[in-house]
Amino acid sequence: MATFVLIHGGGGSAWDWHLLVPELTDRGHDVVVPELPIEDPSAGFGEFRETVVDAIGERSDLVVVGHSYGAFTAPLIADELPVRLIVLLTPMIPRPGERPGDWWDNTGYQGTEGLSEEQQFYNGVPAEIVAEAAAHNRDQVSAEGDEPWPLDAWPDVPTKVLIGRTDRFFLPDFQRRVAADRLQVTPDEIDGGHAVPLSHPRRLADRLTSYLR
């Protein structure tokens, strides 16, 4: 049994993982789903890390999954606790010392024109789930956006990058380039867009658990 630590993305919440959690527990694993203090203007990377570490408690055999902006927080846990594996899902991969607010220009992100926010984030997600999503989004006013990412180097922990084949927010070619540039890895791919945990939770659970073998 592994402990999957699921870290949501920008403006997100634990709800983003609510379809994936039972898929993992049904396979016999423990799951921790912290909510980062993104609504606290004084909270920075230190508070993000502390929130996740406190939620983990005494659990072990940790697989830390960072979705989108959650990729800035996931490696911080591996710098604090023994972690078996880091999985970055449709991620924003940071560099040492990089401010999150600078990531967009530093990576050459160009966005996708002509698409609504719903089309960018929730393509492939069932309509009834999309209809619920707005009620679970949170305002991100925390302070870490202007803080340098605090690690001097990527943790010495096995790391997987997993991208959605139909992601309309971070296009696959963009993610492949950033992963190669920043981690020297070729991403794995899965069906779905940016919100894979909502569109393909069973396939995502299968992929995550396959990484344990």
# chains A, B, ... in the order shown; residues from 1 in each chain; ligands from 1
>>> residues_around(residues="Ala135 in chain A", least_positions_apart="3", cutoff="12 Å", atoms="only C-alpha atoms", output="short mmCIF file (atom, residue, chain, number, x, y, z; two decimals) with N, CA and C atoms, in the first residue's frame")
data_model
loop_
_atom_site.label_atom_id
_atom_site.label_comp_id
_atom_site.auth_asym_id
_atom_site.auth_seq_id
_atom_site.Cartn_x
_atom_site.Cartn_y
_atom_site.Cartn_z
N GLY A 11 -5.94 28.00 -7.73
CA GLY A 11 -7.36 28.26 -7.58
C GLY A 11 -8.20 27.04 -7.30
N GLY A 12 -7.54 25.91 -7.03
CA GLY A 12 -8.26 24.65 -6.88
C GLY A 12 -8.54 24.30 -5.44
N SER A 13 -8.98 23.05 -5.26
CA SER A 13 -9.34 22.55 -3.93
C SER A 13 -9.27 21.04 -3.95
N TRP A 15 -11.62 19.13 -3.91
CA TRP A 15 -12.69 18.61 -4.78
C TRP A 15 -12.15 18.19 -6.14
N ASP A 16 -11.11 18.81 -6.59
CA ASP A 16 -10.55 18.49 -7.91
C ASP A 16 -10.18 17.01 -8.02
N ILE A 129 -20.23 17.42 -14.12
CA ILE A 129 -19.07 17.73 -13.28
C ILE A 129 -18.60 19.16 -13.53
N VAL A 130 -18.59 19.57 -14.79
CA VAL A 130 -18.23 20.94 -15.12
C VAL A 130 -19.16 21.92 -14.43
N ALA A 131 -20.44 21.58 -14.38
CA ALA A 131 -21.42 22.46 -13.75
C ALA A 131 -21.15 22.65 -12.26
N GLU A 132 -20.52 21.67 -11.63
CA GLU A 132 -20.21 21.76 -10.20
C GLU A 132 -18.92 22.52 -9.93
N ARG A 138 -11.43 28.49 -5.83
CA ARG A 138 -11.12 29.43 -4.76
C ARG A 138 -10.23 30.54 -5.30
N ASP A 139 -10.34 31.71 -4.68
CA ASP A 139 -9.49 32.83 -5.07
C ASP A 139 -8.06 32.59 -4.57
#
>>> residues_around(residues="range 61-77 of chain A", least_positions_apart="2", cutoff="6 Å", atoms="only C-alpha atoms", output="number ranges by chain")
A: 2-10, 79-81, 83-94
>>> residues_around(residues="Gly193 in chain A", least_positions_apart="3", cutoff="10 Å", atoms="only C-alpha atoms", output="short mmCIF file (atom, residue, chain, number, x, y, z; two decimals) with all heavy atoms, in the first residue's frame")
data_model
loop_
_atom_site.label_atom_id
_atom_site.label_comp_id
_atom_site.auth_asym_id
_atom_site.auth_seq_id
_atom_site.Cartn_x
_atom_site.Cartn_y
_atom_site.Cartn_z
N THR A 90 0.10 17.30 -15.89
CA THR A 90 -0.11 18.52 -16.69
C THR A 90 0.51 19.73 -15.98
O THR A 90 -0.17 20.70 -15.67
CB THR A 90 -1.62 18.74 -16.99
OG1 THR A 90 -2.34 18.97 -15.77
CG2 THR A 90 -2.23 17.56 -17.71
N GLN A 119 -13.50 25.70 -21.88
CA GLN A 119 -12.95 24.88 -22.97
C GLN A 119 -11.48 24.56 -22.73
O GLN A 119 -11.01 23.48 -23.11
CB GLN A 119 -13.13 25.62 -24.30
CG GLN A 119 -14.57 25.70 -24.77
CD GLN A 119 -14.73 26.62 -25.97
OE1 GLN A 119 -14.06 27.66 -26.08
NE2 GLN A 119 -15.63 26.26 -26.87
N GLN A 120 -10.73 25.47 -22.12
CA GLN A 120 -9.32 25.23 -21.86
C GLN A 120 -9.10 24.22 -20.75
O GLN A 120 -8.25 23.34 -20.85
CB GLN A 120 -8.62 26.53 -21.47
CG GLN A 120 -8.47 27.53 -22.61
CD GLN A 120 -7.67 28.73 -22.17
OE1 GLN A 120 -6.48 28.64 -21.88
NE2 GLN A 120 -8.33 29.88 -22.10
N PHE A 121 -9.88 24.35 -19.68
CA PHE A 121 -9.62 23.55 -18.48
C PHE A 121 -10.41 22.25 -18.42
O PHE A 121 -9.94 21.26 -17.85
CB PHE A 121 -9.93 24.37 -17.23
CG PHE A 121 -8.91 25.43 -16.94
CD1 PHE A 121 -9.14 26.74 -17.31
CD2 PHE A 121 -7.71 25.13 -16.30
CE1 PHE A 121 -8.20 27.73 -17.05
CE2 PHE A 121 -6.78 26.10 -16.04
CZ PHE A 121 -7.02 27.41 -16.41
N TYR A 122 -11.61 22.22 -18.99
CA TYR A 122 -12.52 21.11 -18.72
C TYR A 122 -12.92 20.33 -19.97
O TYR A 122 -13.93 19.62 -19.93
CB TYR A 122 -13.77 21.63 -18.00
CG TYR A 122 -13.46 22.25 -16.66
CD1 TYR A 122 -13.71 23.61 -16.44
CD2 TYR A 122 -12.92 21.50 -15.63
CE1 TYR A 122 -13.43 24.19 -15.21
CE2 TYR A 122 -12.64 22.07 -14.39
CZ TYR A 122 -12.90 23.42 -14.19
OH TYR A 122 -12.62 23.99 -12.98
N ASN A 123 -12.18 20.44 -21.05
CA ASN A 123 -12.54 19.64 -22.21
C ASN A 123 -12.46 18.15 -21.86
O ASN A 123 -11.51 17.68 -21.24
CB ASN A 123 -11.66 19.96 -23.42
CG ASN A 123 -10.18 19.69 -23.18
OD1 ASN A 123 -9.58 20.25 -22.28
ND2 ASN A 123 -9.59 18.85 -24.02
N GLY A 124 -13.51 17.44 -22.23
CA GLY A 124 -13.58 16.01 -21.95
C GLY A 124 -14.19 15.66 -20.61
O GLY A 124 -14.42 14.48 -20.33
N VAL A 125 -14.47 16.67 -19.77
CA VAL A 125 -15.08 16.42 -18.46
C VAL A 125 -16.60 16.36 -18.63
O VAL A 125 -17.18 17.21 -19.33
CB VAL A 125 -14.69 17.53 -17.46
CG1 VAL A 125 -15.37 17.30 -16.11
CG2 VAL A 125 -13.17 17.59 -17.31
N ILE A 163 1.27 14.02 -19.04
CA ILE A 163 0.52 15.09 -19.70
C ILE A 163 -0.73 14.53 -20.37
O ILE A 163 -0.80 13.34 -20.69
CB ILE A 163 1.39 15.85 -20.73
CG1 ILE A 163 1.76 14.95 -21.90
CG2 ILE A 163 2.63 16.41 -20.06
CD1 ILE A 163 2.52 15.68 -23.01
N GLY A 164 -1.73 15.40 -20.56
CA GLY A 164 -2.95 15.01 -21.24
C GLY A 164 -2.82 15.20 -22.74
O GLY A 164 -2.39 16.25 -23.21
N ARG A 165 -3.20 14.20 -23.50
CA ARG A 165 -3.02 14.26 -24.95
C ARG A 165 -3.84 15.37 -25.60
O ARG A 165 -3.49 15.85 -26.67
CB ARG A 165 -3.40 12.91 -25.58
CG ARG A 165 -2.48 11.77 -25.20
CD ARG A 165 -2.78 10.51 -26.00
NE ARG A 165 -1.87 9.44 -25.64
CZ ARG A 165 -2.16 8.47 -24.79
NH1 ARG A 165 -3.36 8.43 -24.22
NH2 ARG A 165 -1.27 7.54 -24.49
N THR A 166 -4.95 15.75 -24.95
CA THR A 166 -5.81 16.79 -25.54
C THR A 166 -5.88 18.02 -24.65
O THR A 166 -6.87 18.75 -24.68
CB THR A 166 -7.22 16.22 -25.78
OG1 THR A 166 -7.76 15.72 -24.55
CG2 THR A 166 -7.20 15.12 -26.83
N ASP A 167 -4.83 18.27 -23.88
CA ASP A 167 -4.79 19.45 -23.02
C ASP A 167 -4.83 20.70 -23.89
O ASP A 167 -4.00 20.88 -24.79
CB ASP A 167 -3.50 19.43 -22.18
CG ASP A 167 -3.53 20.41 -21.01
OD1 ASP A 167 -4.23 21.43 -21.09
OD2 ASP A 167 -2.82 20.14 -20.02
N ARG A 168 -5.78 21.58 -23.62
CA ARG A 168 -5.92 22.83 -24.37
C ARG A 168 -5.36 24.03 -23.62
O ARG A 168 -5.32 25.14 -24.17
CB ARG A 168 -7.39 23.08 -24.71
CG ARG A 168 -7.99 22.05 -25.65
CD ARG A 168 -9.48 22.30 -25.83
NE ARG A 168 -10.09 21.34 -26.74
CZ ARG A 168 -11.41 21.24 -26.91
NH1 ARG A 168 -12.24 22.03 -26.24
NH2 ARG A 168 -11.90 20.34 -27.75
N PHE A 169 -4.99 23.84 -22.36
CA PHE A 169 -4.41 24.93 -21.58
C PHE A 169 -2.89 24.92 -21.72
O PHE A 169 -2.28 25.93 -22.10
CB PHE A 169 -4.83 24.81 -20.11
CG PHE A 169 -4.35 25.94 -19.24
CD1 PHE A 169 -4.67 27.26 -19.56
CD2 PHE A 169 -3.59 25.70 -18.11
CE1 PHE A 169 -4.22 28.31 -18.77
CE2 PHE A 169 -3.15 26.74 -17.31
CZ PHE A 169 -3.47 28.04 -17.64
N PHE A 170 -2.26 23.80 -21.41
CA PHE A 170 -0.84 23.59 -21.71
C PHE A 170 -0.77 22.58 -22.84
O PHE A 170 -0.92 21.38 -22.63
CB PHE A 170 -0.09 23.06 -20.49
CG PHE A 170 -0.04 24.02 -19.32
CD1 PHE A 170 -0.01 23.54 -18.02
CD2 PHE A 170 0.00 25.39 -19.52
CE1 PHE A 170 0.04 24.41 -16.95
CE2 PHE A 170 0.06 26.27 -18.44
CZ PHE A 170 0.08 25.78 -17.15
N LEU A 171 -0.57 23.07 -24.05
CA LEU A 171 -0.57 22.18 -25.21
C LEU A 171 0.54 21.13 -25.07
O LEU A 171 1.61 21.40 -24.51
CB LEU A 171 -0.39 22.99 -26.48
CG LEU A 171 -1.50 23.99 -26.79
CD1 LEU A 171 -1.19 24.76 -28.07
CD2 LEU A 171 -2.87 23.31 -26.90
N PRO A 172 0.30 19.92 -25.57
CA PRO A 172 1.27 18.84 -25.37
C PRO A 172 2.68 19.17 -25.85
O PRO A 172 3.65 18.84 -25.16
CB PRO A 172 0.65 17.68 -26.17
CG PRO A 172 -0.83 17.91 -26.06
CD PRO A 172 -0.98 19.41 -26.14
N ILE A 190 -1.48 10.53 -21.35
CA ILE A 190 -2.72 9.88 -20.99
C ILE A 190 -3.86 10.58 -21.71
O ILE A 190 -3.77 11.77 -22.02
CB ILE A 190 -2.92 9.92 -19.46
CG1 ILE A 190 -4.09 9.04 -19.02
CG2 ILE A 190 -3.10 11.34 -18.95
CD1 ILE A 190 -4.18 8.86 -17.51
N VAL A 196 -7.49 15.99 -16.05
CA VAL A 196 -7.54 14.53 -16.15
C VAL A 196 -8.19 13.87 -14.94
O VAL A 196 -8.94 12.89 -15.09
CB VAL A 196 -6.12 13.97 -16.38
CG1 VAL A 196 -6.13 12.45 -16.41
CG2 VAL A 196 -5.53 14.51 -17.67
N PRO A 197 -7.98 14.35 -13.71
CA PRO A 197 -8.63 13.69 -12.57
C PRO A 197 -10.15 13.73 -12.63
O PRO A 197 -10.81 12.91 -11.99
CB PRO A 197 -8.11 14.47 -11.36
CG PRO A 197 -6.84 15.09 -11.82
CD PRO A 197 -7.07 15.42 -13.27
N LEU A 198 -10.70 14.68 -13.37
CA LEU A 198 -12.16 14.77 -13.51
C LEU A 198 -12.68 14.08 -14.76
O LEU A 198 -13.84 13.67 -14.80
CB LEU A 198 -12.59 16.24 -13.52
CG LEU A 198 -12.32 17.04 -12.25
CD1 LEU A 198 -12.69 18.51 -12.46
CD2 LEU A 198 -13.09 16.46 -11.06
N SER A 199 -11.85 13.98 -15.78
CA SER A 199 -12.31 13.39 -17.04
C SER A 199 -12.03 11.90 -17.13
O SER A 199 -12.82 11.14 -17.70
CB SER A 199 -11.68 14.11 -18.23
OG SER A 199 -10.28 13.94 -18.26
N HIS A 200 -10.89 11.45 -16.58
CA HIS A 200 -10.48 10.06 -16.71
C HIS A 200 -9.91 9.54 -15.38
O HIS A 200 -8.75 9.10 -15.31
CB HIS A 200 -9.42 9.91 -17.81
CG HIS A 200 -9.92 10.18 -19.20
ND1 HIS A 200 -10.12 11.45 -19.68
CD2 HIS A 200 -10.28 9.34 -20.20
CE1 HIS A 200 -10.56 11.39 -20.92
NE2 HIS A 200 -10.68 10.12 -21.27
#
>>> residues_around(residues="Val52 in chain A", least_positions_apart="4", cutoff="7 Å", atoms="only C-alpha atoms", output="ChimeraX atom specification")
/A:34,48,56
>>> atom_distance(atom1="CA of Ala78 in chain A", atom2="CA of Val157 in chain A")
7.3 Å
>>> residues_around(residues="Glu147 in chain A", least_positions_apart="3", cutoff="8 Å", atoms="only C-alpha atoms", output="list of chain:residue names")
A:Gly44, A:Phe45, A:Glu98, A:Arg99, A:Pro100, A:Ala143, A:Glu144
>>> select_by_dssp(residues="range 119-173 of chain A", states="strand (DSSP E)", output="PyMOL selection string")
chain A and resi 159-164
>>> residues_around(residues="Arg202 in chain A", least_positions_apart="3", cutoff="10 Å", atoms="only C-alpha atoms", output="tab-separated table (two decimals) with N, CA, C and O atoms, in the first residue's frame")
chain	number	residue	atom	x	y	z
A	19	LEU	N	-13.06	12.41	-7.70
A	19	LEU	CA	-13.34	11.19	-8.47
A	19	LEU	C	-12.16	10.22	-8.46
A	19	LEU	O	-12.35	9.01	-8.62
A	20	LEU	N	-10.97	10.74	-8.28
A	20	LEU	CA	-9.78	9.89	-8.26
A	20	LEU	C	-9.61	9.19	-6.92
A	20	LEU	O	-9.15	8.03	-6.88
A	21	VAL	N	-9.98	9.85	-5.83
A	21	VAL	CA	-9.74	9.28	-4.50
A	21	VAL	C	-10.35	7.89	-4.34
A	21	VAL	O	-9.64	6.94	-3.93
A	22	PRO	N	-11.62	7.67	-4.66
A	22	PRO	CA	-12.16	6.31	-4.48
A	22	PRO	C	-11.52	5.28	-5.41
A	22	PRO	O	-11.45	4.09	-5.06
A	23	GLU	N	-11.05	5.73	-6.56
A	23	GLU	CA	-10.36	4.79	-7.45
A	23	GLU	C	-9.07	4.29	-6.81
A	23	GLU	O	-8.71	3.11	-6.95
A	24	LEU	N	-8.38	5.16	-6.10
A	24	LEU	CA	-7.13	4.75	-5.45
A	24	LEU	C	-7.39	3.94	-4.19
A	24	LEU	O	-6.71	2.94	-3.93
A	196	VAL	N	-7.49	15.99	-16.05
A	196	VAL	CA	-7.54	14.53	-16.15
A	196	VAL	C	-8.19	13.87	-14.94
A	196	VAL	O	-8.94	12.89	-15.09
A	197	PRO	N	-7.98	14.35	-13.71
A	197	PRO	CA	-8.63	13.69	-12.57
A	197	PRO	C	-10.15	13.73	-12.63
A	197	PRO	O	-10.81	12.91	-11.99
A	198	LEU	N	-10.70	14.68	-13.37
A	198	LEU	CA	-12.16	14.77	-13.51
A	198	LEU	C	-12.68	14.08	-14.76
A	198	LEU	O	-13.84	13.67	-14.80
A	199	SER	N	-11.85	13.98	-15.78
A	199	SER	CA	-12.31	13.39	-17.04
A	199	SER	C	-12.03	11.90	-17.13
A	199	SER	O	-12.82	11.14	-17.70
A	205	ALA	N	-5.91	6.55	-12.21
A	205	ALA	CA	-5.57	5.67	-11.10
A	205	ALA	C	-4.75	4.47	-11.59
A	205	ALA	O	-3.77	4.06	-10.94
A	206	ASP	N	-5.14	3.92	-12.73
A	206	ASP	CA	-4.38	2.81	-13.29
A	206	ASP	C	-2.94	3.22	-13.59
A	206	ASP	O	-1.99	2.49	-13.30
A	207	ARG	N	-2.79	4.41	-14.16
A	207	ARG	CA	-1.44	4.87	-14.51
A	207	ARG	C	-0.62	5.15	-13.26
A	207	ARG	O	0.56	4.76	-13.17
A	208	LEU	N	-1.20	5.80	-12.29
A	208	LEU	CA	-0.47	6.12	-11.06
A	208	LEU	C	-0.03	4.85	-10.35
A	208	LEU	O	1.12	4.75	-9.88
>>> atom_distance(atom1="CA of Ala55 in chain A", atom2="CA of Leu36 in chain A")
10.4 Å
